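Novice: Structure file start.csv, CSV, C-alpha atoms and all ligand atoms, is pasted below:
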chain,number,residue,atom,x,y,z
A,1,MET,CA,2.3,7.0,22.3
A,2,PRO,CA,5.2,4.8,21.2
A,3,ARG,CA,3.9,1.3,20.4
A,4,GLN,CA,6.4,-0.4,22.7
A,5,LEU,CA,5.1,1.6,25.6
A,6,SER,CA,1.4,1.0,24.9
A,7,LEU,CA,1.3,-2.3,26.8
A,8,GLY,CA,-1.3,-4.6,25.7
A,9,LEU,CA,-2.2,-6.0,22.4
A,10,ALA,CA,1.3,-6.2,21.0
A,11,SER,CA,3.1,-9.2,22.5
A,12,SER,CA,6.2,-9.2,20.3
A,13,LEU,CA,8.4,-6.2,19.2
A,14,SER,CA,7.4,-6.7,15.6
A,15,ASP,CA,3.6,-6.6,16.2
A,16,ILE,CA,1.9,-3.5,15.0
A,17,VAL,CA,-1.3,-2.3,16.8
A,18,LEU,CA,-3.7,-0.9,14.2
A,19,GLY,CA,-6.6,-0.2,16.5
A,20,GLU,CA,-8.2,-1.0,19.9
A,21,ALA,CA,-8.7,-4.6,18.7
A,22,ALA,CA,-6.7,-4.9,15.5
A,23,VAL,CA,-3.1,-6.1,15.4
A,24,VAL,CA,-0.6,-7.2,12.8
A,25,LEU,CA,1.4,-10.3,13.9
A,26,ARG,CA,4.5,-10.0,11.6
A,27,GLY,CA,5.6,-13.3,10.2
A,28,PHE,CA,3.3,-15.3,12.5
A,29,ALA,CA,2.5,-17.8,9.7
A,30,ARG,CA,6.1,-18.4,8.6
A,31,ALA,CA,6.6,-21.3,11.0
A,32,THR,CA,3.8,-23.3,9.4
A,33,GLU,CA,3.9,-22.1,5.8
A,34,ASP,CA,4.8,-25.5,4.4
A,35,ALA,CA,1.7,-27.1,5.9
A,36,LEU,CA,-0.5,-24.1,4.9
A,37,LEU,CA,0.7,-24.2,1.3
A,38,ALA,CA,0.4,-27.9,1.0
A,39,ASP,CA,-3.1,-27.9,2.4
A,40,LEU,CA,-4.1,-24.9,0.2
A,41,ALA,CA,-3.0,-26.9,-2.9
A,42,HIS,CA,-5.4,-29.7,-2.0
A,43,ILE,CA,-8.2,-27.2,-1.4
A,44,ALA,CA,-7.7,-25.6,-4.8
A,45,GLN,CA,-7.8,-29.1,-6.4
A,46,ALA,CA,-11.1,-29.9,-4.8
A,47,ALA,CA,-12.7,-26.4,-5.2
A,48,PRO,CA,-10.8,-24.5,-7.9
A,49,PHE,CA,-10.3,-20.8,-7.8
A,50,ARG,CA,-12.9,-18.8,-9.7
A,51,HIS,CA,-13.8,-15.2,-10.3
A,52,MET,CA,-17.1,-14.4,-8.8
A,53,THR,CA,-19.6,-11.8,-10.0
A,54,THR,CA,-20.8,-9.0,-7.9
A,55,PRO,CA,-24.5,-8.1,-7.5
A,56,GLY,CA,-23.7,-5.0,-9.6
A,57,GLY,CA,-22.6,-7.2,-12.5
A,58,PHE,CA,-18.8,-6.8,-12.2
A,59,THR,CA,-16.3,-9.6,-12.1
A,60,MET,CA,-14.1,-9.6,-9.1
A,61,SER,CA,-10.4,-9.2,-9.9
A,62,ALA,CA,-9.3,-11.6,-7.1
A,63,ALA,CA,-10.0,-15.3,-7.7
A,64,MET,CA,-11.7,-17.0,-4.8
A,65,THR,CA,-12.3,-20.4,-3.2
A,66,ASN,CA,-13.3,-21.5,0.3
A,67,CYS,CA,-12.9,-24.2,2.9
A,68,GLY,CA,-14.8,-25.0,6.1
A,69,GLY,CA,-18.4,-25.5,6.8
A,70,PHE,CA,-19.4,-22.4,4.9
A,71,GLY,CA,-18.0,-20.4,2.0
A,72,TRP,CA,-18.5,-16.8,1.0
A,73,VAL,CA,-20.1,-16.5,-2.4
A,74,SER,CA,-21.2,-13.6,-4.6
A,75,ASP,CA,-23.4,-13.7,-7.7
A,76,ALA,CA,-26.1,-11.6,-9.4
A,77,THR,CA,-28.4,-12.1,-6.5
A,78,GLY,CA,-26.1,-10.9,-3.7
A,79,TYR,CA,-23.4,-11.9,-1.2
A,80,ARG,CA,-23.9,-14.8,1.2
A,81,TYR,CA,-22.4,-17.8,3.0
A,82,ALA,CA,-23.2,-21.2,1.4
A,83,ALA,CA,-22.4,-24.7,2.6
A,84,ARG,CA,-21.8,-25.9,-0.9
A,85,ASP,CA,-19.6,-24.8,-3.8
A,86,PRO,CA,-22.0,-23.5,-6.4
A,87,VAL,CA,-19.7,-24.6,-9.2
A,88,SER,CA,-19.5,-28.3,-8.2
A,89,GLY,CA,-22.6,-28.6,-6.0
A,90,LEU,CA,-20.3,-30.3,-3.4
A,91,PRO,CA,-19.7,-29.2,0.2
A,92,TRP,CA,-16.6,-27.0,0.5
A,93,PRO,CA,-13.4,-28.9,1.4
A,94,PRO,CA,-13.1,-29.2,5.2
A,95,MET,CA,-10.9,-26.7,7.1
A,96,PRO,CA,-7.5,-28.3,7.4
A,97,THR,CA,-6.0,-28.6,10.8
A,98,SER,CA,-3.1,-26.3,9.8
A,99,PHE,CA,-5.6,-23.6,8.9
A,100,ALA,CA,-7.8,-23.9,12.1
A,101,ALA,CA,-4.7,-24.0,14.3
A,102,ILE,CA,-3.1,-20.8,13.0
A,103,ALA,CA,-6.4,-19.0,13.1
A,104,SER,CA,-7.1,-19.8,16.7
A,105,ALA,CA,-3.5,-19.2,17.8
A,106,ALA,CA,-3.4,-15.8,16.2
A,107,ALA,CA,-6.8,-14.9,17.6
A,108,ALA,CA,-5.7,-16.0,21.1
A,109,ARG,CA,-2.6,-13.7,20.9
A,110,ALA,CA,-4.9,-10.8,20.1
A,111,ARG,CA,-7.0,-11.6,23.2
A,112,PHE,CA,-9.8,-13.6,21.4
A,113,PRO,CA,-9.5,-16.9,23.1
A,114,SER,CA,-11.4,-19.9,21.7
A,115,PHE,CA,-11.9,-18.6,18.1
A,116,GLU,CA,-13.3,-21.4,16.1
A,117,PRO,CA,-13.9,-20.2,12.5
A,118,ASP,CA,-16.5,-22.1,10.4
A,119,ALA,CA,-15.5,-20.3,7.2
A,120,CYS,CA,-12.2,-19.7,5.4
A,121,LEU,CA,-12.3,-17.5,2.2
A,122,VAL,CA,-9.2,-17.8,0.1
A,123,ASN,CA,-8.5,-14.8,-2.1
A,124,ARG,CA,-5.9,-15.1,-4.8
A,125,TYR,CA,-4.6,-11.9,-6.3
A,126,ALA,CA,-2.6,-11.9,-9.6
A,127,PRO,CA,-0.6,-8.6,-10.2
A,128,GLY,CA,-3.2,-5.9,-10.9
A,129,ALA,CA,-5.9,-7.5,-8.8
A,130,ARG,CA,-7.4,-5.5,-5.9
A,131,LEU,CA,-10.2,-5.4,-3.4
A,132,ALA,CA,-12.3,-2.2,-3.2
A,133,LEU,CA,-13.0,-0.5,0.1
A,134,HIS,CA,-15.8,-2.4,1.9
A,135,GLN,CA,-17.0,-3.7,5.3
A,136,ASP,CA,-17.4,-7.3,6.2
A,137,ARG,CA,-21.0,-7.6,7.3
A,138,ASP,CA,-22.3,-10.9,5.9
A,139,GLU,CA,-21.6,-12.7,9.1
A,140,ARG,CA,-24.2,-13.3,11.8
A,141,ASP,CA,-22.1,-12.5,14.9
A,142,PHE,CA,-19.9,-9.4,14.8
A,143,THR,CA,-18.4,-10.3,18.2
A,144,ALA,CA,-16.2,-12.9,16.7
A,145,PRO,CA,-12.9,-11.6,15.2
A,146,ILE,CA,-11.6,-12.1,11.7
A,147,VAL,CA,-8.1,-13.5,11.1
A,148,SER,CA,-6.3,-12.8,7.9
A,149,VAL,CA,-3.1,-14.7,6.7
A,150,SER,CA,-1.1,-13.2,3.9
A,151,LEU,CA,1.0,-15.4,1.7
A,152,GLY,CA,3.1,-14.8,-1.5
A,153,LEU,CA,3.5,-11.4,-3.1
A,154,PRO,CA,3.3,-8.3,-0.8
A,155,ALA,CA,0.4,-5.9,-0.9
A,156,THR,CA,-0.7,-2.7,0.7
A,157,PHE,CA,-3.7,-3.0,2.9
A,158,VAL,CA,-6.0,0.0,3.4
A,159,PHE,CA,-7.5,0.2,6.9
A,160,GLY,CA,-10.2,2.8,7.1
A,161,GLY,CA,-12.7,3.8,9.7
A,162,GLY,CA,-16.4,3.3,10.5
A,163,THR,CA,-17.6,5.3,7.4
A,164,ARG,CA,-16.5,5.0,3.8
A,165,SER,CA,-15.0,8.5,3.9
A,166,ALA,CA,-13.1,8.2,7.2
A,167,LYS,CA,-9.3,8.7,7.1
A,168,SER,CA,-7.4,5.5,6.3
A,169,VAL,CA,-4.0,4.1,7.0
A,170,ARG,CA,-1.9,2.0,4.6
A,171,VAL,CA,-0.4,-1.1,6.0
A,172,PRO,CA,2.2,-3.2,4.0
A,173,LEU,CA,1.5,-6.9,4.4
A,174,GLU,CA,3.9,-9.6,3.3
A,175,HIS,CA,4.3,-13.3,3.2
A,176,GLY,CA,3.6,-14.8,6.6
A,177,ASP,CA,1.9,-11.8,8.2
A,178,VAL,CA,-1.2,-12.4,10.1
A,179,VAL,CA,-3.8,-9.8,11.1
A,180,VAL,CA,-6.5,-10.1,13.7
A,181,TRP,CA,-9.5,-7.7,13.7
A,182,GLY,CA,-12.3,-7.7,16.1
A,183,GLY,CA,-14.3,-5.8,18.7
A,184,ALA,CA,-14.5,-2.1,18.1
A,185,ASP,CA,-12.6,-2.5,14.8
A,186,ARG,CA,-14.7,-5.3,13.4
A,187,LEU,CA,-16.8,-3.1,11.1
A,188,ARG,CA,-14.1,-0.8,9.8
A,189,TYR,CA,-13.8,-0.2,6.1
A,190,HIS,CA,-10.8,-1.9,4.4
A,191,GLY,CA,-9.4,-2.8,1.1
A,192,VAL,CA,-6.3,-4.0,-0.8
A,193,LEU,CA,-4.5,-1.8,-3.4
A,194,PRO,CA,-3.7,-3.4,-6.7
A,195,VAL,CA,-1.0,-6.0,-6.2
A,196,LEU,CA,2.3,-5.2,-8.0
A,197,GLN,CA,4.2,-7.4,-10.4
A,198,GLY,CA,6.5,-9.8,-8.8
A,199,GLU,CA,7.5,-13.4,-8.2
A,200,HIS,CA,7.4,-15.1,-4.8
A,201,SER,CA,9.8,-18.0,-4.3
A,202,ARG,CA,7.1,-20.3,-2.8
A,203,VAL,CA,3.9,-19.0,-4.2
A,204,GLY,CA,4.8,-17.6,-7.6
A,205,ALA,CA,3.2,-14.5,-9.1
A,206,TYR,CA,0.3,-14.4,-6.7
A,207,ARG,CA,-0.8,-12.9,-3.4
A,208,ILE,CA,-2.9,-15.4,-1.4
A,209,ASN,CA,-5.0,-14.3,1.6
A,210,LEU,CA,-6.7,-16.7,3.9
A,211,THR,CA,-9.6,-15.0,5.7
A,212,PHE,CA,-11.0,-16.9,8.7
A,213,ARG,CA,-14.5,-16.0,10.0
A,214,LYS,CA,-17.2,-17.2,12.1
A,215,ALA,CA,-20.0,-16.9,9.5
A,216,MET,CA,-22.9,-18.6,11.3
A,301,LIG,C1,-10.6,-4.8,8.9
A,301,LIG,N1,-9.8,-9.8,2.5
A,301,LIG,O1,-12.1,-11.0,1.8
A,301,LIG,S1,-9.2,-9.8,5.4
A,301,LIG,C2,-12.2,-9.9,2.4
A,301,LIG,O2,-6.4,-9.3,2.0
A,301,LIG,C3,-11.0,-9.1,2.7
A,301,LIG,O3,-7.9,-10.4,0.9
A,301,LIG,C4,-8.5,-9.2,2.8
A,301,LIG,O4,-11.0,-8.1,3.2
A,301,LIG,C5,-7.5,-9.6,1.8
A,301,LIG,O5,-13.3,-9.4,2.8
A,301,LIG,C6,-8.1,-9.7,4.1
A,301,LIG,C7,-9.0,-8.3,6.1
A,301,LIG,C8,-10.0,-7.8,6.9
A,301,LIG,C9,-11.2,-8.5,7.2
A,301,LIG,C10,-12.1,-7.9,8.1
A,301,LIG,C11,-12.0,-6.7,8.6
A,301,LIG,C12,-9.9,-6.5,7.5
A,301,LIG,C13,-10.8,-6.0,8.3
A,301,LIG,C14,-12.9,-6.2,9.5
A,301,LIG,C15,-12.7,-4.9,10.0
A,301,LIG,C16,-11.6,-4.2,9.7
A,302,FE,FE,-13.1,-7.7,3.9
Represent the structure from my file as structure tokens, please.

Specialist:
Amino acid sequence: MPRQLSLGLASSLSDIVLGEAAVVLRGFARATEDALLADLAHIAQAAPFRHMTTPGGFTMSAAMTNCGGFGWVSDATGYRYAARDPVSGLPWPPMPTSFAAIASAAAARARFPSFEPDACLVNRYAPGARLALHQDRDERDFTAPIVSVSLGLPATFVFGGGTRSAKSVRVPLEHGDVVVWGGADRLRYHGVLPVLQGEHSRVGAYRINLTFRKAM
């Protein structure tokens, strides 16, 4: 069915419906990119980007930090949400108003009213960095959606199915794109292909992804 005729999730001609409850809001973050980037710079000062280790002993190629009440962390003992930055021992920086506002506005457009994330994981990809196919299942409540904001260099997002081997689709994401995933699509496998070399006028040689979740 042509997207424009499948009334519903898409509310702008540029929106792309990926699933029953997954939609790409093209350029949705552009209007507030200045505030998002300024607030991100403060977060990275207080809680610097670092490369975490997986339980399997690998170093993740994307550098990460967090803001909000809880942050996603990985080390030799496993993946979890933690209220404090393990590097500094301090609470994660608070979620800036600009972050909370775009997350709840995007969720509302995708029919998830009153999304109040308590965690924002910030992934920073230099060229060559990637995210292997995985599910997000470290959260307590799978009924809350996840909102993802892409900034900087473009990337190809891989959106799979409910099993690792299910067929996947590739979705190009660029600066300002916002994706909302929830409901029946909440546990689909997904990943990010290696980011290509490039330079973004505002962000430099990085792709940044803000991933908003209700962790607790
Ligand atoms: C699809 N990060 O940190 S969230 C992650 O581009 C992660 O850095 C992506 O996947 C990135 O775990 C953006 C994309 C995402 C999140 C949850 C999903 C896609 C999803 C849940 C179901 C299906
Ligand atoms: Fe994920």

Novice: Write out as an mmCIF file with C-alpha atoms, in the frame of the given file each polymer residue (protein, DNA or RNA) that has an atom no more than 12 Å from ligand FE 302 (chain A), with all atoms listed in the file counted.

Specialist:
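What landed in pocket-v1.cif:
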data_model
loop_
_atom_site.group_PDB
_atom_site.id
_atom_site.type_symbol
_atom_site.label_atom_id
_atom_site.label_comp_id
_atom_site.auth_asym_id
_atom_site.auth_seq_id
_atom_site.Cartn_x
_atom_site.Cartn_y
_atom_site.Cartn_z
ATOM 1 C CA TRP A 72 -18.500 -16.800 1.000
ATOM 2 C CA LEU A 121 -12.300 -17.500 2.200
ATOM 3 C CA VAL A 122 -9.200 -17.800 0.100
ATOM 4 C CA ASN A 123 -8.500 -14.800 -2.100
ATOM 5 C CA ARG A 130 -7.400 -5.500 -5.900
ATOM 6 C CA LEU A 131 -10.200 -5.400 -3.400
ATOM 7 C CA ALA A 132 -12.300 -2.200 -3.200
ATOM 8 C CA LEU A 133 -13.000 -0.500 0.100
ATOM 9 C CA HIS A 134 -15.800 -2.400 1.900
ATOM 10 C CA GLN A 135 -17.000 -3.700 5.300
ATOM 11 C CA ASP A 136 -17.400 -7.300 6.200
ATOM 12 C CA ARG A 137 -21.000 -7.600 7.300
ATOM 13 C CA ASP A 138 -22.300 -10.900 5.900
ATOM 14 C CA GLU A 139 -21.600 -12.700 9.100
ATOM 15 C CA PRO A 145 -12.900 -11.600 15.200
ATOM 16 C CA ILE A 146 -11.600 -12.100 11.700
ATOM 17 C CA VAL A 147 -8.100 -13.500 11.100
ATOM 18 C CA SER A 148 -6.300 -12.800 7.900
ATOM 19 C CA PHE A 157 -3.700 -3.000 2.900
ATOM 20 C CA VAL A 158 -6.000 0.000 3.400
ATOM 21 C CA PHE A 159 -7.500 0.200 6.900
ATOM 22 C CA GLY A 160 -10.200 2.800 7.100
ATOM 23 C CA VAL A 179 -3.800 -9.800 11.100
ATOM 24 C CA TRP A 181 -9.500 -7.700 13.700
ATOM 25 C CA ARG A 186 -14.700 -5.300 13.400
ATOM 26 C CA LEU A 187 -16.800 -3.100 11.100
ATOM 27 C CA ARG A 188 -14.100 -0.800 9.800
ATOM 28 C CA TYR A 189 -13.800 -0.200 6.100
ATOM 29 C CA HIS A 190 -10.800 -1.900 4.400
ATOM 30 C CA GLY A 191 -9.400 -2.800 1.100
ATOM 31 C CA VAL A 192 -6.300 -4.000 -0.800
ATOM 32 C CA ASN A 209 -5.000 -14.300 1.600
ATOM 33 C CA LEU A 210 -6.700 -16.700 3.900
ATOM 34 C CA THR A 211 -9.600 -15.000 5.700
ATOM 35 C CA PHE A 212 -11.000 -16.900 8.700
ATOM 36 C CA ARG A 213 -14.500 -16.000 10.000
#

Novice: Have a look at A:Arg50, A:Arg170, A:Arg164, A:Arg124 and name the one nearest to ligand LIG 301 (chain A); count only C-alpha atoms and all ligand atoms.

Specialist: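 Closest to ligand LIG 301 (chain A) of all the choices is A:Arg124.
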
Novice: Quote the spacing between CA of Ser61 (chain A) and CA of Pro86 (chain A) in Å to one decimal place.

Specialist: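 These two atoms are separated by 18.7 Å.
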
Novice: Quick one: distance from CA of Tyr206 (chain A) to CA of Thr97 (chain A) in Å, one decimal?

Specialist: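 Distance between the two atoms: 23.4 Å.
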
Novice: Kindly provide, as number ranges by chain, the polymer residues lying within 12 Å of (-6.6, -11.5, 14.4), counting all atoms listed in the file and using the coordinates exactly as they appear in the file.

Specialist: A: 9-10, 15-26, 28, 102-113, 115, 117, 144-150, 177-183, 185-186, 210-213

Novice: Please work out which residues fall within 12 Å of (4.1, -26.3, -1.2), coordinates as given in the file, with all atoms listed in the file counting, and return them as a VMD selection string.

Specialist: chain A and resid 32 to 42 151 to 152 201 to 204

Novice: Using Å and a single decimal, report how far atom O1 of ligand LIG 301 (chain A) sits from CA of Gln45 (chain A).

Specialist: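 That distance, rounded to one decimal, is 20.3 Å.
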
Novice: A:Leu196, A:Gly69, A:Ala184, A:Ala215: which is nearest ligand LIG 301 (chain A), counting all atoms listed in the file?

Specialist: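 Looking at the shortest contact to ligand LIG 301 (chain A), the residue is A:Ala184.
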
Novice: Which is closest to Tyr125 (chain A) among A:Pro96, A:Gly27, A:Gly198, A:Gly8, if we use all atoms listed in the file?

Specialist: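 Result for the nearest residue to Tyr125 (chain A): A:Gly198.
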
Novice: When you count only C-alpha atoms and all ligand atoms, which of these residues is closest to ligand LIG 301 (chain A): A:Ile208, A:Ile43, A:Leu153, A:Ala166?

Specialist: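 When distances to ligand LIG 301 (chain A) are compared using only C-alpha atoms and all ligand atoms, the smallest one comes from A:Ile208.
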
Novice: Restricting the calculation to only C-alpha atoms and all ligand atoms, which member of A:Pro127, A:Ala62, A:Gly68, A:Ser88 is positioned closest to ligand LIG 301 (chain A)?

Specialist: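 Of the candidates, the smallest distance to ligand LIG 301 (chain A) is held by A:Ala62.
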
Novice: Between A:Ala100, A:Met216, A:Tyr79, A:Asp118, which has the minimum distance to ligand LIG 301 (chain A) (counting all atoms listed in the file)?

Specialist: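 Distance minimum relative to ligand LIG 301 (chain A) lands on A:Tyr79.
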